[in-house]
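J.: My structure is stored as upload37.txt, with compact mmCIF, C-alpha atoms.
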```txt
# COMPACT_ATOMS: atom_id res chain seq x y z
CA MET O 1 -114.45 57.28 -63.61
CA ALA O 2 -111.09 58.85 -62.75
CA ASP O 3 -110.02 62.11 -64.28
CA GLN O 4 -107.36 61.63 -66.89
CA PRO O 5 -104.62 64.23 -67.10
CA ARG O 6 -105.16 66.61 -69.98
CA ARG O 7 -102.60 66.97 -72.70
CA ALA O 8 -100.97 70.39 -72.65
CA LEU O 9 -102.31 72.60 -75.40
CA THR O 10 -99.84 73.39 -78.13
CA VAL O 11 -99.51 76.15 -80.68
CA ARG O 12 -101.01 73.76 -83.27
CA ASP O 13 -104.26 73.77 -81.28
CA VAL O 14 -104.76 77.55 -81.37
CA MET O 15 -102.79 79.04 -84.28
CA THR O 16 -104.48 80.64 -87.24
CA THR O 17 -103.78 79.25 -90.68
CA ARG O 18 -105.25 82.36 -92.37
CA VAL O 19 -101.86 83.84 -93.15
CA VAL O 20 -101.04 86.84 -95.31
CA THR O 21 -97.78 86.40 -97.18
CA THR O 22 -95.94 88.93 -99.28
CA GLY O 23 -92.47 89.61 -100.63
CA PRO O 24 -89.91 92.04 -99.19
CA GLY O 25 -90.19 94.36 -102.19
CA GLU O 26 -93.96 94.80 -101.98
CA PRO O 27 -95.28 98.21 -100.93
CA MET O 28 -96.30 98.66 -97.30
CA ALA O 29 -99.75 99.90 -98.36
CA ALA O 30 -100.46 96.67 -100.25
CA ALA O 31 -99.34 94.47 -97.36
CA ALA O 32 -101.42 96.49 -94.89
CA ALA O 33 -104.48 96.26 -97.17
CA ASP O 34 -104.06 92.47 -97.36
CA MET O 35 -103.84 92.25 -93.55
CA VAL O 36 -107.08 94.24 -93.22
CA ARG O 37 -108.84 92.21 -95.92
CA VAL O 38 -107.98 88.88 -94.28
CA GLY O 39 -108.50 90.21 -90.74
CA VAL O 40 -105.08 89.43 -89.29
CA GLY O 41 -102.49 91.51 -87.44
CA SER O 42 -99.40 90.35 -89.29
CA ALA O 43 -98.02 89.33 -92.66
CA LEU O 44 -95.25 86.84 -93.22
CA ILE O 45 -92.56 88.03 -95.59
CA MET O 46 -91.41 85.25 -97.85
CA GLN O 47 -88.26 85.01 -99.94
CA GLY O 48 -89.30 82.27 -102.31
CA ARG O 49 -90.43 79.42 -100.06
CA PHE O 50 -88.49 80.65 -97.02
CA LEU O 51 -89.58 82.94 -94.19
CA ALA O 52 -87.55 86.15 -94.39
CA GLY O 53 -89.46 88.31 -91.90
CA ILE O 54 -92.71 89.42 -90.34
CA LEU O 55 -94.64 92.65 -90.68
CA THR O 56 -97.07 93.54 -87.89
CA GLU O 57 -99.66 96.19 -87.15
CA ARG O 58 -97.03 97.98 -85.05
CA ASP O 59 -94.67 98.11 -88.03
CA VAL O 60 -97.42 99.57 -90.21
CA LEU O 61 -98.13 102.18 -87.54
CA ARG O 62 -94.43 103.10 -87.26
CA ALA O 63 -94.20 103.43 -91.03
CA ALA O 64 -97.33 105.60 -91.20
CA ALA O 65 -96.05 107.84 -88.39
CA SER O 66 -92.73 108.31 -90.20
CA GLY O 67 -94.41 110.22 -93.01
CA SER O 68 -93.12 107.75 -95.61
CA ASP O 69 -95.20 107.21 -98.74
CA LEU O 70 -96.51 103.73 -97.98
CA THR O 71 -97.53 103.17 -101.59
CA HIS O 72 -93.81 103.15 -102.46
CA SER O 73 -92.04 102.22 -99.22
CA PRO O 74 -91.10 98.51 -99.37
CA VAL O 75 -92.04 96.03 -96.68
CA SER O 76 -88.33 95.25 -96.23
CA ALA O 77 -87.74 98.72 -94.77
CA TRP O 78 -90.11 98.03 -91.86
CA MET O 79 -90.31 94.27 -91.30
CA THR O 80 -88.57 92.29 -88.58
CA ARG O 81 -86.01 90.07 -90.28
CA ASP O 82 -85.54 86.42 -89.28
CA PRO O 83 -88.26 86.50 -86.62
CA GLU O 84 -88.43 84.16 -83.66
CA GLN O 85 -90.67 81.23 -84.47
CA ALA O 86 -92.45 78.32 -82.85
CA SER O 87 -92.98 74.74 -83.89
CA PRO O 88 -96.53 73.41 -83.91
CA ASP O 89 -95.66 71.33 -80.82
CA THR O 90 -94.54 74.32 -78.73
CA THR O 91 -96.67 74.55 -75.60
CA LEU O 92 -98.83 77.62 -75.13
CA GLU O 93 -96.86 78.49 -72.01
CA ASP O 94 -93.54 78.39 -73.90
CA ALA O 95 -94.98 80.47 -76.75
CA ALA O 96 -96.36 83.06 -74.32
CA GLN O 97 -93.06 83.25 -72.46
CA LEU O 98 -91.14 83.77 -75.71
CA MET O 99 -93.54 86.47 -76.90
CA LEU O 100 -93.58 88.33 -73.59
CA LEU O 101 -89.81 88.09 -73.16
CA HIS O 102 -89.19 89.67 -76.58
CA GLY O 103 -92.19 92.02 -76.57
CA PHE O 104 -94.01 90.84 -79.64
CA ARG O 105 -97.58 89.70 -80.23
CA HIS O 106 -97.29 87.46 -83.30
CA LEU O 107 -95.21 84.32 -83.70
CA PRO O 108 -94.81 82.45 -86.99
CA VAL O 109 -95.36 78.69 -86.70
CA LEU O 110 -93.07 76.54 -88.81
CA GLU O 111 -92.48 72.83 -89.15
CA GLY O 112 -88.97 72.59 -90.48
CA ARG O 113 -88.97 75.39 -93.03
CA GLU O 114 -92.66 75.09 -93.93
CA VAL O 115 -94.93 77.88 -92.68
CA LEU O 116 -98.04 76.43 -91.04
CA GLY O 117 -99.58 79.54 -89.49
CA VAL O 118 -99.22 82.31 -86.94
CA VAL O 119 -100.07 82.33 -83.26
CA SER O 120 -100.90 85.61 -81.54
CA LEU O 121 -101.14 86.68 -77.91
CA ARG O 122 -104.88 86.95 -78.54
CA ASP O 123 -104.96 83.26 -79.56
CA LEU O 124 -103.11 82.33 -76.37
CA ALA O 125 -105.40 84.42 -74.17
CA ALA O 126 -108.52 82.98 -75.81
CA ALA O 127 -107.27 79.44 -75.17
CA LYS O 128 -106.76 80.22 -71.47
CA ILE O 129 -110.23 81.73 -71.14
CA ILE O 130 -112.16 79.13 -73.13
CA ARG O 131 -110.46 75.94 -71.95
CA PRO O 132 -111.30 76.21 -68.22
CA ALA O 133 -114.95 76.80 -69.13
CA GLN O 134 -115.02 73.45 -70.95
CA ARG O 135 -114.39 71.45 -67.77
CA SER O 136 -117.37 69.45 -66.57
```
Written as structure tokens, that's how I'd like the structure from this file.

T.:
Amino acid sequence: MADQPRRALTVRDVMTTRVVTTGPGEPMAAAAADMVRVGVGSALIMQGRFLAGILTERDVLRAAASGSDLTHSPVSAWMTRDPEQASPDTTLEDAAQLMLLHGFRHLPVLEGREVLGVVSLRDLAAAKIIRPAQRS
């Protein structure tokens, strides 16, 4: 039986759909607490049904180091506006290249304007480690 070429893995195959969403006016402390509760490293900032930004662990750390009162400081003061994004059909290699080129670790995944999930560098690394082990 001949080996068949494998389909390239895409973001859809490895992204997490456990997504924290919040609004730009929400306090940083609340968004950070939601991220901890769900066990994710980012929150997507929504303006109605549309993606307005992303808040990551690094943003929370920067805000905490600034001395700002995070119970009153809004997410909009610290989030990245209009973040780069991937489609679910983006290859893992393309997603990794985009993330490394721009220096971020979380990439929202959208189909059109609909948020489907988030892919992280950790997701990409896990896929590279696990997939070769599955060869027989």

J.: Pick from O:Gly41, O:Gly67, O:Pro83, O:Pro74: nearest to Ala29 of chain O, with all atoms listed in the file counted?

T.: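 Closest residue, counting all atoms listed in the file: O:Pro74.
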
J.: Within 12 Å of Gln47 of chain O, counting only C-alpha atoms, which residues qualify if same-chain residues fewer than 2 places away don't, as a compact mmCIF listing (two decimals) with C-alpha atoms, keeping the file's coordinate frame?

T.:
```txt
# COMPACT_ATOMS: atom_id res chain seq x y z
CA THR O 21 -97.78 86.40 -97.18
CA THR O 22 -95.94 88.93 -99.28
CA GLY O 23 -92.47 89.61 -100.63
CA PRO O 24 -89.91 92.04 -99.19
CA GLY O 25 -90.19 94.36 -102.19
CA GLU O 26 -93.96 94.80 -101.98
CA LEU O 44 -95.25 86.84 -93.22
CA ILE O 45 -92.56 88.03 -95.59
CA ARG O 49 -90.43 79.42 -100.06
CA PHE O 50 -88.49 80.65 -97.02
CA LEU O 51 -89.58 82.94 -94.19
CA ALA O 52 -87.55 86.15 -94.39
CA GLY O 53 -89.46 88.31 -91.90
CA ILE O 54 -92.71 89.42 -90.34
CA SER O 76 -88.33 95.25 -96.23
CA ARG O 81 -86.01 90.07 -90.28
CA ASP O 82 -85.54 86.42 -89.28
CA ARG O 113 -88.97 75.39 -93.03
```

J.: From the set O:Glu114, O:Asp89, O:Glu84, O:Asp123, which residue has the shortest atom-to-atom contact distance to Gly48 of chain O, counting all atoms listed in the file?

T.: O:Glu114

J.: If I wrap all listed atoms of segment 60-66 of chain O in a box with edges along x, y and z and add 5 Å on each side, what are its centre and edge lengths in Å to one decimal, as JSON?

T.:
```
{"center_x": -95.4, "center_y": 103.9, "center_z": -89.2, "size_x": 15.4, "size_y": 18.7, "size_z": 13.9}
```

J.: Could you work out how far atom CA of Leu55 of chain O lies from atom CA of Ala32 of chain O, giving the answer in Å with one decimal?

T.: 8.9 Å

J.: Can you fill out segment 54-65 of chain O with all heavy atoms and hand it back as a PDB file, in the frame of the given file?

T.:
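The resulting file, out.pdb, is reproduced below:
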```pdb
ATOM      1  N   ILE O  54     -91.308  89.236 -90.709  1.00  0.00           N
ATOM      2  CA  ILE O  54     -92.710  89.420 -90.340  1.00  0.00           C
ATOM      3  C   ILE O  54     -92.987  90.914 -90.280  1.00  0.00           C
ATOM      4  O   ILE O  54     -92.130  91.704 -89.879  1.00  0.00           O
ATOM      5  CB  ILE O  54     -93.040  88.730 -88.991  1.00  0.00           C
ATOM      6  CG1 ILE O  54     -94.554  88.747 -88.716  1.00  0.00           C
ATOM      7  CG2 ILE O  54     -92.241  89.328 -87.846  1.00  0.00           C
ATOM      8  CD1 ILE O  54     -94.994  87.862 -87.555  1.00  0.00           C
ATOM      9  N   LEU O  55     -94.162  91.271 -90.730  1.00  0.00           N
ATOM     10  CA  LEU O  55     -94.640  92.650 -90.680  1.00  0.00           C
ATOM     11  C   LEU O  55     -95.885  92.638 -89.807  1.00  0.00           C
ATOM     12  O   LEU O  55     -96.790  91.833 -90.026  1.00  0.00           O
ATOM     13  CB  LEU O  55     -94.985  93.140 -92.089  1.00  0.00           C
ATOM     14  CG  LEU O  55     -95.436  94.585 -92.191  1.00  0.00           C
ATOM     15  CD1 LEU O  55     -94.234  95.518 -92.051  1.00  0.00           C
ATOM     16  CD2 LEU O  55     -96.135  94.826 -93.512  1.00  0.00           C
ATOM     17  N   THR O  56     -95.934  93.520 -88.810  1.00  0.00           N
ATOM     18  CA  THR O  56     -97.070  93.540 -87.890  1.00  0.00           C
ATOM     19  C   THR O  56     -97.774  94.887 -87.933  1.00  0.00           C
ATOM     20  O   THR O  56     -97.276  95.846 -88.530  1.00  0.00           O
ATOM     21  CB  THR O  56     -96.628  93.248 -86.451  1.00  0.00           C
ATOM     22  OG1 THR O  56     -95.823  94.337 -85.990  1.00  0.00           O
ATOM     23  CG2 THR O  56     -95.860  91.930 -86.356  1.00  0.00           C
ATOM     24  N   GLU O  57     -98.912  94.931 -87.260  1.00  0.00           N
ATOM     25  CA  GLU O  57     -99.660  96.190 -87.150  1.00  0.00           C
ATOM     26  C   GLU O  57     -98.779  97.299 -86.586  1.00  0.00           C
ATOM     27  O   GLU O  57     -98.865  98.442 -87.032  1.00  0.00           O
ATOM     28  CB  GLU O  57    -100.856  95.995 -86.201  1.00  0.00           C
ATOM     29  CG  GLU O  57    -101.859  94.994 -86.701  1.00  0.00           C
ATOM     30  CD  GLU O  57    -102.759  94.469 -85.594  1.00  0.00           C
ATOM     31  OE1 GLU O  57    -102.245  94.163 -84.494  1.00  0.00           O
ATOM     32  OE2 GLU O  57    -103.970  94.357 -85.844  1.00  0.00           O
ATOM     33  N   ARG O  58     -97.938  96.976 -85.629  1.00  0.00           N
ATOM     34  CA  ARG O  58     -97.030  97.980 -85.050  1.00  0.00           C
ATOM     35  C   ARG O  58     -96.080  98.533 -86.100  1.00  0.00           C
ATOM     36  O   ARG O  58     -95.783  99.723 -86.106  1.00  0.00           O
ATOM     37  CB  ARG O  58     -96.216  97.385 -83.913  1.00  0.00           C
ATOM     38  CG  ARG O  58     -96.954  97.203 -82.639  1.00  0.00           C
ATOM     39  CD  ARG O  58     -95.946  96.841 -81.572  1.00  0.00           C
ATOM     40  NE  ARG O  58     -96.570  96.110 -80.500  1.00  0.00           N
ATOM     41  CZ  ARG O  58     -95.912  95.507 -79.533  1.00  0.00           C
ATOM     42  NH1 ARG O  58     -94.604  95.517 -79.524  1.00  0.00           N
ATOM     43  NH2 ARG O  58     -96.550  94.875 -78.590  1.00  0.00           N
ATOM     44  N   ASP O  59     -95.580  97.656 -86.966  1.00  0.00           N
ATOM     45  CA  ASP O  59     -94.670  98.110 -88.030  1.00  0.00           C
ATOM     46  C   ASP O  59     -95.391  99.048 -88.988  1.00  0.00           C
ATOM     47  O   ASP O  59     -94.827 100.056 -89.418  1.00  0.00           O
ATOM     48  CB  ASP O  59     -94.111  96.905 -88.805  1.00  0.00           C
ATOM     49  CG  ASP O  59     -93.320  95.953 -87.926  1.00  0.00           C
ATOM     50  OD1 ASP O  59     -92.604  96.431 -87.022  1.00  0.00           O
ATOM     51  OD2 ASP O  59     -93.416  94.738 -88.157  1.00  0.00           O
ATOM     52  N   VAL O  60     -96.630  98.721 -89.323  1.00  0.00           N
ATOM     53  CA  VAL O  60     -97.420  99.570 -90.210  1.00  0.00           C
ATOM     54  C   VAL O  60     -97.643 100.934 -89.551  1.00  0.00           C
ATOM     55  O   VAL O  60     -97.515 101.979 -90.198  1.00  0.00           O
ATOM     56  CB  VAL O  60     -98.766  98.905 -90.578  1.00  0.00           C
ATOM     57  CG1 VAL O  60     -99.646  99.852 -91.369  1.00  0.00           C
ATOM     58  CG2 VAL O  60     -98.530  97.606 -91.365  1.00  0.00           C
ATOM     59  N   LEU O  61     -97.926 100.929 -88.266  1.00  0.00           N
ATOM     60  CA  LEU O  61     -98.130 102.180 -87.540  1.00  0.00           C
ATOM     61  C   LEU O  61     -96.852 103.022 -87.508  1.00  0.00           C
ATOM     62  O   LEU O  61     -96.891 104.235 -87.733  1.00  0.00           O
ATOM     63  CB  LEU O  61     -98.608 101.865 -86.120  1.00  0.00           C
ATOM     64  CG  LEU O  61     -99.156 103.009 -85.298  1.00  0.00           C
ATOM     65  CD1 LEU O  61    -100.332 103.680 -85.998  1.00  0.00           C
ATOM     66  CD2 LEU O  61     -99.594 102.485 -83.933  1.00  0.00           C
ATOM     67  N   ARG O  62     -95.717 102.382 -87.246  1.00  0.00           N
ATOM     68  CA  ARG O  62     -94.430 103.100 -87.260  1.00  0.00           C
ATOM     69  C   ARG O  62     -94.163 103.711 -88.627  1.00  0.00           C
ATOM     70  O   ARG O  62     -93.723 104.852 -88.745  1.00  0.00           O
ATOM     71  CB  ARG O  62     -93.268 102.156 -86.904  1.00  0.00           C
ATOM     72  CG  ARG O  62     -93.070 101.908 -85.448  1.00  0.00           C
ATOM     73  CD  ARG O  62     -91.796 101.108 -85.125  1.00  0.00           C
ATOM     74  NE  ARG O  62     -91.592  99.919 -85.949  1.00  0.00           N
ATOM     75  CZ  ARG O  62     -90.629  99.767 -86.852  1.00  0.00           C
ATOM     76  NH1 ARG O  62     -89.749 100.691 -87.063  1.00  0.00           N
ATOM     77  NH2 ARG O  62     -90.532  98.655 -87.550  1.00  0.00           N
ATOM     78  N   ALA O  63     -94.429 102.944 -89.674  1.00  0.00           N
ATOM     79  CA  ALA O  63     -94.200 103.430 -91.030  1.00  0.00           C
ATOM     80  C   ALA O  63     -95.111 104.611 -91.343  1.00  0.00           C
ATOM     81  O   ALA O  63     -94.667 105.619 -91.908  1.00  0.00           O
ATOM     82  CB  ALA O  63     -94.424 102.295 -92.042  1.00  0.00           C
ATOM     83  N   ALA O  64     -96.380 104.506 -90.955  1.00  0.00           N
ATOM     84  CA  ALA O  64     -97.330 105.600 -91.200  1.00  0.00           C
ATOM     85  C   ALA O  64     -96.912 106.859 -90.443  1.00  0.00           C
ATOM     86  O   ALA O  64     -96.979 107.971 -90.974  1.00  0.00           O
ATOM     87  CB  ALA O  64     -98.745 105.172 -90.801  1.00  0.00           C
ATOM     88  N   ALA O  65     -96.452 106.694 -89.208  1.00  0.00           N
ATOM     89  CA  ALA O  65     -96.050 107.840 -88.390  1.00  0.00           C
ATOM     90  C   ALA O  65     -94.773 108.500 -88.920  1.00  0.00           C
ATOM     91  O   ALA O  65     -94.522 109.668 -88.640  1.00  0.00           O
ATOM     92  CB  ALA O  65     -95.856 107.407 -86.943  1.00  0.00           C
TER      93      ALA O  65
END
```
